[in-house]
file structure-v4.pdb (PDB, N, CA and C atoms)
ATOM      1  N   MET B   1      93.488 139.320 147.202
ATOM      2  CA  MET B   1      92.851 138.338 146.355
ATOM      3  C   MET B   1      93.922 137.668 145.496
ATOM      4  N   GLN B   2      93.898 136.352 145.429
ATOM      5  CA  GLN B   2      94.894 135.624 144.665
ATOM      6  C   GLN B   2      94.397 135.358 143.242
ATOM      7  N   ALA B   3      95.366 135.361 142.300
ATOM      8  CA  ALA B   3      95.034 135.027 140.912
ATOM      9  C   ALA B   3      94.876 133.516 140.792
ATOM     10  N   ALA B   4      94.091 133.115 139.796
ATOM     11  CA  ALA B   4      93.887 131.682 139.557
ATOM     12  C   ALA B   4      95.206 131.059 139.108
ATOM     13  N   PRO B   5      95.454 129.813 139.499
ATOM     14  CA  PRO B   5      96.698 129.158 139.080
ATOM     15  C   PRO B   5      96.738 128.978 137.561
ATOM     16  N   VAL B   6      97.926 129.077 137.016
ATOM     17  CA  VAL B   6      98.120 128.949 135.578
ATOM     18  C   VAL B   6      98.517 127.507 135.271
ATOM     19  N   ARG B   7      97.912 126.943 134.229
ATOM     20  CA  ARG B   7      98.258 125.572 133.829
ATOM     21  C   ARG B   7      99.635 125.551 133.197
ATOM     22  N   ALA B   8     100.421 124.568 133.579
ATOM     23  CA  ALA B   8     101.757 124.439 133.009
ATOM     24  C   ALA B   8     101.734 123.619 131.720
ATOM     25  N   THR B   9     100.695 122.802 131.540
ATOM     26  CA  THR B   9     100.611 121.976 130.342
ATOM     27  C   THR B   9      99.465 122.456 129.470
ATOM     28  N   ALA B  10      99.665 122.356 128.169
ATOM     29  CA  ALA B  10      98.630 122.767 127.235
ATOM     30  C   ALA B  10      97.552 121.698 127.145
ATOM     31  N   ILE B  11      96.328 122.121 126.911
ATOM     32  CA  ILE B  11      95.231 121.183 126.700
ATOM     33  C   ILE B  11      95.398 120.610 125.292
ATOM     34  N   PRO B  12      95.366 119.282 125.157
ATOM     35  CA  PRO B  12      95.574 118.696 123.831
ATOM     36  C   PRO B  12      94.448 119.078 122.871
ATOM     37  N   SER B  13      94.817 119.212 121.605
ATOM     38  CA  SER B  13      93.816 119.548 120.602
ATOM     39  C   SER B  13      92.926 118.344 120.344
ATOM     40  N   PHE B  14      91.834 118.577 119.663
ATOM     41  CA  PHE B  14      90.920 117.500 119.309
ATOM     42  C   PHE B  14      91.635 116.449 118.464
ATOM     43  N   THR B  15      92.473 116.917 117.519
ATOM     44  CA  THR B  15      93.218 116.002 116.652
ATOM     45  C   THR B  15      94.159 115.130 117.467
ATOM     46  N   THR B  16      94.844 115.719 118.418
ATOM     47  CA  THR B  16      95.766 114.960 119.266
ATOM     48  C   THR B  16      95.009 113.907 120.071
ATOM     49  N   ALA B  17      93.873 114.286 120.602
ATOM     50  CA  ALA B  17      93.059 113.343 121.381
ATOM     51  C   ALA B  17      92.557 112.211 120.494
ATOM     52  N   LEU B  18      92.138 112.549 119.271
ATOM     53  CA  LEU B  18      91.651 111.541 118.336
ATOM     54  C   LEU B  18      92.758 110.548 117.977
ATOM     55  N   ARG B  19      93.952 111.059 117.742
ATOM     56  CA  ARG B  19      95.075 110.172 117.424
ATOM     57  C   ARG B  19      95.431 109.275 118.598
ATOM     58  N   ALA B  20      95.298 109.769 119.820
ATOM     59  CA  ALA B  20      95.580 108.945 120.993
ATOM     60  C   ALA B  20      94.573 107.802 121.098
ATOM     61  N   VAL B  21      93.307 108.103 120.872
ATOM     62  CA  VAL B  21      92.276 107.059 120.900
ATOM     63  C   VAL B  21      92.519 106.066 119.772
ATOM     64  N   GLU B  22      92.856 106.591 118.595
ATOM     65  CA  GLU B  22      93.139 105.746 117.442
ATOM     66  C   GLU B  22      94.280 104.770 117.742
ATOM     67  N   SER B  23      95.316 105.249 118.381
ATOM     68  CA  SER B  23      96.465 104.385 118.673
ATOM     69  C   SER B  23      96.098 103.285 119.665
ATOM     70  N   LEU B  24      95.134 103.540 120.540
ATOM     71  CA  LEU B  24      94.698 102.514 121.476
ATOM     72  C   LEU B  24      93.821 101.461 120.804
ATOM     73  N   LEU B  25      93.014 101.883 119.822
ATOM     74  CA  LEU B  25      92.033 100.983 119.227
ATOM     75  C   LEU B  25      92.526 100.243 117.987
ATOM     76  N   MET B  26      93.460 100.825 117.261
ATOM     77  CA  MET B  26      93.894 100.231 116.000
ATOM     78  C   MET B  26      95.330  99.742 116.074
ATOM     79  N   SER B  27      95.594  98.719 115.300
ATOM     80  CA  SER B  27      96.977  98.269 115.190
ATOM     81  C   SER B  27      97.723  99.241 114.279
ATOM     82  N   SER B  28      99.013  99.159 114.281
ATOM     83  CA  SER B  28      99.840 100.066 113.485
ATOM     84  C   SER B  28      99.516  99.966 112.003
ATOM     85  N   GLY B  29      99.300  98.749 111.505
ATOM     86  CA  GLY B  29      98.988  98.558 110.090
ATOM     87  C   GLY B  29      97.676  99.207 109.695
ATOM     88  N   GLN B  30      96.682  99.125 110.572
ATOM     89  CA  GLN B  30      95.395  99.751 110.280
ATOM     90  C   GLN B  30      95.515 101.267 110.240
ATOM     91  N   ARG B  31      96.291 101.823 111.154
ATOM     92  CA  ARG B  31      96.494 103.283 111.158
ATOM     93  C   ARG B  31      97.160 103.720 109.876
ATOM     94  N   THR B  32      98.188 102.994 109.462
ATOM     95  CA  THR B  32      98.906 103.335 108.241
ATOM     96  C   THR B  32      97.981 103.252 107.042
ATOM     97  N   ALA B  33      97.177 102.208 106.964
ATOM     98  CA  ALA B  33      96.242 102.046 105.847
ATOM     99  C   ALA B  33      95.229 103.184 105.814
ATOM    100  N   ARG B  34      94.708 103.556 106.972
ATOM    101  CA  ARG B  34      93.722 104.644 107.024
ATOM    102  C   ARG B  34      94.344 105.959 106.592
ATOM    103  N   ARG B  35      95.546 106.223 107.069
ATOM    104  CA  ARG B  35      96.213 107.474 106.689
ATOM    105  C   ARG B  35      96.554 107.495 105.208
ATOM    106  N   ASN B  36      96.977 106.355 104.673
ATOM    107  CA  ASN B  36      97.257 106.286 103.238
ATOM    108  C   ASN B  36      95.990 106.528 102.419
ATOM    109  N   ALA B  37      94.877 105.962 102.877
ATOM    110  CA  ALA B  37      93.607 106.164 102.179
ATOM    111  C   ALA B  37      93.210 107.634 102.208
ATOM    112  N   TRP B  38      93.373 108.273 103.347
ATOM    113  CA  TRP B  38      93.013 109.690 103.460
ATOM    114  C   TRP B  38      93.919 110.547 102.576
ATOM    115  N   THR B  39      95.196 110.224 102.514
ATOM    116  CA  THR B  39      96.128 110.944 101.648
ATOM    117  C   THR B  39      95.688 110.808 100.197
ATOM    118  N   SER B  40      95.222 109.627  99.807
ATOM    119  CA  SER B  40      94.738 109.416  98.442
ATOM    120  C   SER B  40      93.499 110.258  98.154
ATOM    121  N   VAL B  41      92.605 110.339  99.120
ATOM    122  CA  VAL B  41      91.404 111.172  98.955
ATOM    123  C   VAL B  41      91.799 112.625  98.730
ATOM    124  N   LEU B  42      92.717 113.118  99.546
ATOM    125  CA  LEU B  42      93.145 114.512  99.411
ATOM    126  C   LEU B  42      93.817 114.763  98.058
ATOM    127  N   GLU B  43      94.605 113.800  97.603
ATOM    128  CA  GLU B  43      95.275 113.929  96.307
ATOM    129  C   GLU B  43      94.259 113.905  95.172
ATOM    130  N   ASP B  44      93.240 113.068  95.255
ATOM    131  CA  ASP B  44      92.181 113.041  94.243
ATOM    132  C   ASP B  44      91.443 114.375  94.192
ATOM    133  N   ARG B  45      91.185 114.946  95.351
ATOM    134  CA  ARG B  45      90.509 116.254  95.392
ATOM    135  C   ARG B  45      91.379 117.334  94.752
ATOM    136  N   ARG B  46      92.684 117.271  95.016
ATOM    137  CA  ARG B  46      93.588 118.259  94.433
ATOM    138  C   ARG B  46      93.607 118.137  92.912
ATOM    139  N   ARG B  47      93.667 116.898  92.409
ATOM    140  CA  ARG B  47      93.671 116.693  90.956
ATOM    141  C   ARG B  47      92.359 117.157  90.328
ATOM    142  N   ALA B  48      91.233 116.902  90.988
ATOM    143  CA  ALA B  48      89.941 117.356  90.479
ATOM    144  C   ALA B  48      89.892 118.879  90.424
ATOM    145  N   LYS B  49      90.417 119.525  91.437
ATOM    146  CA  LYS B  49      90.457 120.995  91.462
ATOM    147  C   LYS B  49      91.327 121.513  90.315
ATOM    148  N   ASP B  50      92.462 120.847  90.074
ATOM    149  CA  ASP B  50      93.345 121.239  88.966
ATOM    150  C   ASP B  50      92.653 121.075  87.620
ATOM    151  N   ARG B  51      91.884 119.990  87.456
ATOM    152  CA  ARG B  51      91.164 119.776  86.193
ATOM    153  C   ARG B  51      90.141 120.871  85.956
ATOM    154  N   VAL B  52      89.410 121.240  86.998
ATOM    155  CA  VAL B  52      88.403 122.300  86.875
ATOM    156  C   VAL B  52      89.076 123.613  86.490
ATOM    157  N   GLU B  53      90.182 123.918  87.135
ATOM    158  CA  GLU B  53      90.907 125.157  86.831
ATOM    159  C   GLU B  53      91.437 125.148  85.403
ATOM    160  N   THR B  54      91.979 124.022  84.954
ATOM    161  CA  THR B  54      92.485 123.918  83.585
ATOM    162  C   THR B  54      91.365 124.109  82.583
ATOM    163  N   GLN B  55      90.221 123.491  82.847
ATOM    164  CA  GLN B  55      89.077 123.640  81.937
ATOM    165  C   GLN B  55      88.619 125.086  81.886
ATOM    166  N   ARG B  56      88.606 125.759  83.025
ATOM    167  CA  ARG B  56      88.188 127.163  83.059
ATOM    168  C   ARG B  56      89.121 128.020  82.218
ATOM    169  N   VAL B  57      90.417 127.792  82.351
ATOM    170  CA  VAL B  57      91.402 128.559  81.577
ATOM    171  C   VAL B  57      91.233 128.289  80.085
ATOM    172  N   LEU B  58      91.051 127.016  79.718
ATOM    173  CA  LEU B  58      90.847 126.668  78.305
ATOM    174  C   LEU B  58      89.585 127.325  77.750
ATOM    175  N   ASP B  59      88.510 127.287  78.517
ATOM    176  CA  ASP B  59      87.252 127.884  78.071
ATOM    177  C   ASP B  59      87.388 129.386  77.860
ATOM    178  N   GLN B  60      88.186 130.052  78.656
ATOM    179  CA  GLN B  60      88.356 131.496  78.537
ATOM    180  C   GLN B  60      89.326 131.889  77.438
ATOM    181  N   SER B  61      90.315 131.032  77.160
ATOM    182  CA  SER B  61      91.379 131.442  76.247
ATOM    183  C   SER B  61      91.121 131.071  74.791
ATOM    184  N   VAL B  62      90.391 130.018  74.539
ATOM    185  CA  VAL B  62      90.196 129.564  73.165
ATOM    186  C   VAL B  62      88.704 129.548  72.860
ATOM    187  N   PRO B  63      88.250 130.464  71.981
ATOM    188  CA  PRO B  63      86.826 130.457  71.634
ATOM    189  C   PRO B  63      86.492 129.182  70.849
ATOM    190  N   GLY B  64      85.394 128.544  71.215
ATOM    191  CA  GLY B  64      84.982 127.324  70.549
ATOM    192  C   GLY B  64      85.834 126.133  70.883
ATOM    193  N   SER B  65      86.551 126.161  72.003
ATOM    194  CA  SER B  65      87.422 125.048  72.370
ATOM    195  C   SER B  65      86.583 123.828  72.719
ATOM    196  N   VAL B  66      87.197 122.664  72.573
ATOM    197  CA  VAL B  66      86.554 121.406  72.916
ATOM    198  C   VAL B  66      86.612 121.233  74.433
ATOM    199  N   SER B  67      85.499 120.911  75.018
ATOM    200  CA  SER B  67      85.438 120.727  76.454
ATOM    201  C   SER B  67      86.048 119.392  76.852
ATOM    202  N   LEU B  68      86.785 119.363  77.955
ATOM    203  CA  LEU B  68      87.354 118.125  78.483
ATOM    204  C   LEU B  68      86.339 117.410  79.367
ATOM    205  N   ARG B  69      85.218 118.053  79.609
ATOM    206  CA  ARG B  69      84.210 117.455  80.484
ATOM    207  C   ARG B  69      83.512 116.316  79.769
ATOM    208  N   PRO B  70      83.157 115.249  80.503
ATOM    209  CA  PRO B  70      82.460 114.099  79.880
ATOM    210  C   PRO B  70      81.062 114.433  79.465
TER     211      PRO B  70
END
call {"tool": "encode", "arguments": {"input": "structure-v4.pdb", "output": "structure tokens"}}
result
Amino acid sequence: MQAAPVRATAIPSFTTALRAVESLLMSSGQRTARRNAWTSVLEDRRRAKDRVETQRVLDQSVPGSVSLRP
């Protein structure tokens, strides 16, 4: 009985496939703009997480502290 043949090439990930489709459908400028926008979203989320953590530390360390929350 023979073993099944082994693939020499890896199956591309979903992300790789998505980027390939993106490169076919969008111009270079549109791709750059989309990636820049996504980077900004991720940075905003990181800053929001940092604010929450800072507020938590302030609330725990100083009794009667003024809240930074609106």
call {"tool": "closest_residue", "arguments": {"input": "structure-v4.pdb", "among": "B:Ala10, B:Glu43, B:Leu18, B:Leu58", "to": "B:Arg31", "atoms": "only C-alpha atoms"}}
result
B:Leu18
call {"tool": "atom_distance", "arguments": {"input": "structure-v4.pdb", "atom1": "atom CA of B:Arg35", "atom2": "atom CA of B:Glu53"}}
result
27.1 Å
call {"tool": "atom_distance", "arguments": {"input": "structure-v4.pdb", "atom1": "atom N of B:Thr9", "atom2": "atom N of B:Ser27"}}
result
29.5 Å
call {"tool": "atom_distance", "arguments": {"input": "structure-v4.pdb", "atom1": "atom CA of B:Val21", "atom2": "atom C of B:Ala33"}}
result
15.9 Å
